[in-house]
Amino acid sequence: MKELLHLPAIPVQSCILLDSAADGAGFPRHQMRLTFCEECGFIFNAAFDERLIDYASVTEETQHFSGTFNAFARKLVQEIVATWPLEGRKVLEIGCGKGDFLHELCLAVRCGALGIDPGFIEERLETPHDGSLRFQREYFDPATVKMRPDLVICRHTLEHIGEVKDFVDAILPLVSDRPDAGVFFETPDVGRVLREGAFWDIYFEHCSYFTPSTHAGLFRSAGYEVTALRLDYGEQYIIQNARAGRGAALPPFAAEESLDELAALATAFPTRVAEVMGHWYDFVTSRHKDGRRLAIWGGGSKCVSFLTSLGLADEIAQ
């Protein structure tokens, strides 16, 4: 194991809505140890403790207030409808958030859909009265899924799971008995983070980090056949389709890097991220000393990580 980055005290969650600045300043923190496995290429937070995370609280993770992100989501919906035969069939989304993506899918194709997420808020989404779109406000447990989904969707959730092998193992039986059933996963790509030194995309609650090769490798090791794999959204996200394995494995996809390539990125990352963090710390503090007023455009996890990883406070305008 090789440690790539140690952050001594960052917020244990970065998408929680709080009532005051004082609540934010006093929010629980914990160390982050970004660690690289030289044997398989997996990258993870070795200091992760899931007991510190509560996704059933006032979590506001949705990106669907963004027109750009909505356009991307609609494109994915059309891709899913073209790839998987869903008319009159059943879809399960694990980690559905506030339900926006699943709702968009149900507008595109007539199907029965179930979304599962502990942070779902019923009054935020208008659902059909015919019961075709339902939600369970809870953590995923196969025992509570009273349907046989033809497609399992899981977007921006796998990176929050510590025991990733157990997680994908639990999903496989839901789709393993039908040749045209499968899974659609969307997960952030850590390769870009390594290349750019993008420390603002590293959070405590993101405990598992993937590249296309380690993402596909996880599913293959669990008995899936990966049928499509690429990067999208400015090469920030891994997009993967898979189904229960049918024997001979398909050849690797163009998006998959070798372990040597990934190891080289990991080896260079500590120096790269130190340079990037140093640049932005100097950028902000020097201008603050000159009496200039700085603000951060945007919000959410990237903003929280940028501020807390650099230890910035008064330097940024309130």
# chains A, B, ... in the order shown; residues from 1 in each chain; ligands from 1

$ select_by_dssp --residues "range 34-135 of chain A" --states "strand (DSSP E)" --output "PyMOL selection string"
chain A and resi 34-36+43-45+90-94+112-116+133-135

$ residues_around --residues "range 91-98 of chain A" --least-positions-apart "6" --cutoff "7 Å" --atoms "only C-alpha atoms" --output "PyMOL selection string"
chain A and resi 62+112-117+119-121+140+149-155+157

$ write_last_selection --atoms "C-alpha atoms" --output "compact mmCIF listing (two decimals), in the first residue's frame"
# COMPACT_ATOMS: atom_id res chain seq x y z
CA THR A 62 -28.46 16.75 -6.15
CA GLY A 112 -42.21 0.23 -13.26
CA ALA A 113 -39.49 1.90 -11.20
CA LEU A 114 -38.25 1.79 -7.61
CA GLY A 115 -35.72 4.19 -6.15
CA ILE A 116 -33.87 3.53 -2.89
CA ASP A 117 -32.06 6.23 -0.94
CA GLY A 119 -31.97 10.88 1.77
CA PHE A 120 -35.02 10.83 -0.50
CA ILE A 121 -37.53 13.60 0.27
CA PHE A 140 -30.07 -0.55 0.13
CA PRO A 149 -35.51 -5.57 -11.79
CA ASP A 150 -34.60 -5.86 -15.43
CA LEU A 151 -32.09 -3.06 -14.94
CA VAL A 152 -30.29 -1.82 -11.83
CA ILE A 153 -29.05 1.76 -12.05
CA CYS A 154 -26.44 3.07 -9.62
CA ARG A 155 -25.08 6.57 -10.19
CA THR A 157 -23.02 5.85 -5.16

$ atom_distance --atom1 "CA of Phe101 in chain A" --atom2 "CA of Leu76 in chain A"
9.3 Å

$ residues_around --residues "Asp169 in chain A" --least-positions-apart "5" --cutoff "9 Å" --atoms "only C-alpha atoms" --output "NGL selection string"
:A and (164 or 219 or 222-223)

$ atom_distance --atom1 "CA of Leu307 in chain A" --atom2 "CA of Gly278 in chain A"
13.0 Å

$ residues_around --residues "range 6-10 of chain A" --least-positions-apart "4" --cutoff "8 Å" --atoms "only C-alpha atoms" --output "VMD selection string"
chain A and resid 29 to 34 203 to 204 305 308 to 309

$ write_last_selection --atoms "N, CA and C atoms" --output "tab-separated table (two decimals), in the first residue's frame"
chain	number	residue	atom	x	y	z
A	29	ARG	N	-15.06	16.46	12.03
A	29	ARG	CA	-13.98	16.26	11.06
A	29	ARG	C	-13.23	14.97	11.39
A	30	HIS	N	-12.50	14.49	10.40
A	30	HIS	CA	-11.71	13.28	10.57
A	30	HIS	C	-10.57	13.31	9.56
A	31	GLN	N	-9.56	12.52	9.79
A	31	GLN	CA	-8.46	12.47	8.85
A	31	GLN	C	-8.85	11.69	7.59
A	32	MET	N	-8.15	11.99	6.51
A	32	MET	CA	-8.33	11.31	5.23
A	32	MET	C	-6.98	10.78	4.78
A	33	ARG	N	-6.91	9.50	4.46
A	33	ARG	CA	-5.66	8.91	3.97
A	33	ARG	C	-5.93	8.24	2.63
A	34	LEU	N	-5.66	8.96	1.56
A	34	LEU	CA	-5.84	8.42	0.22
A	34	LEU	C	-4.72	7.42	-0.05
A	203	TYR	N	-12.92	13.72	-1.02
A	203	TYR	CA	-13.75	13.96	0.16
A	203	TYR	C	-13.68	12.75	1.08
A	204	PHE	N	-13.95	12.99	2.35
A	204	PHE	CA	-13.93	11.88	3.31
A	204	PHE	C	-14.95	10.82	2.94
A	305	SER	N	-14.36	21.03	-0.09
A	305	SER	CA	-13.04	20.40	-0.10
A	305	SER	C	-11.95	21.42	-0.38
A	308	THR	N	-11.54	23.52	2.96
A	308	THR	CA	-11.06	22.81	4.16
A	308	THR	C	-9.71	22.13	3.93
A	309	SER	N	-9.44	21.67	2.71
A	309	SER	CA	-8.14	21.06	2.44
A	309	SER	C	-7.01	22.08	2.52

$ residues_around --residues "Leu158 in chain A" --least-positions-apart "6" --cutoff "10 Å" --atoms "only C-alpha atoms" --output "list of chain:residue names"
A:Ile94, A:Gly95, A:Val164, A:Phe167, A:Val168, A:Phe185, A:Glu186, A:Thr187, A:Pro188, A:His206, A:Cys207, A:Ser208, A:Tyr209, A:Phe210, A:His215

$ select_by_dssp --residues "range 72-124 of chain A" --states "helix (DSSP H, G or I)" --output "JSON, numbers by chain"
{"A": [72, 73, 74, 75, 76, 77, 78, 79, 80, 81, 82, 83, 100, 101, 102, 103, 104, 105, 106, 107, 108, 122, 123, 124]}
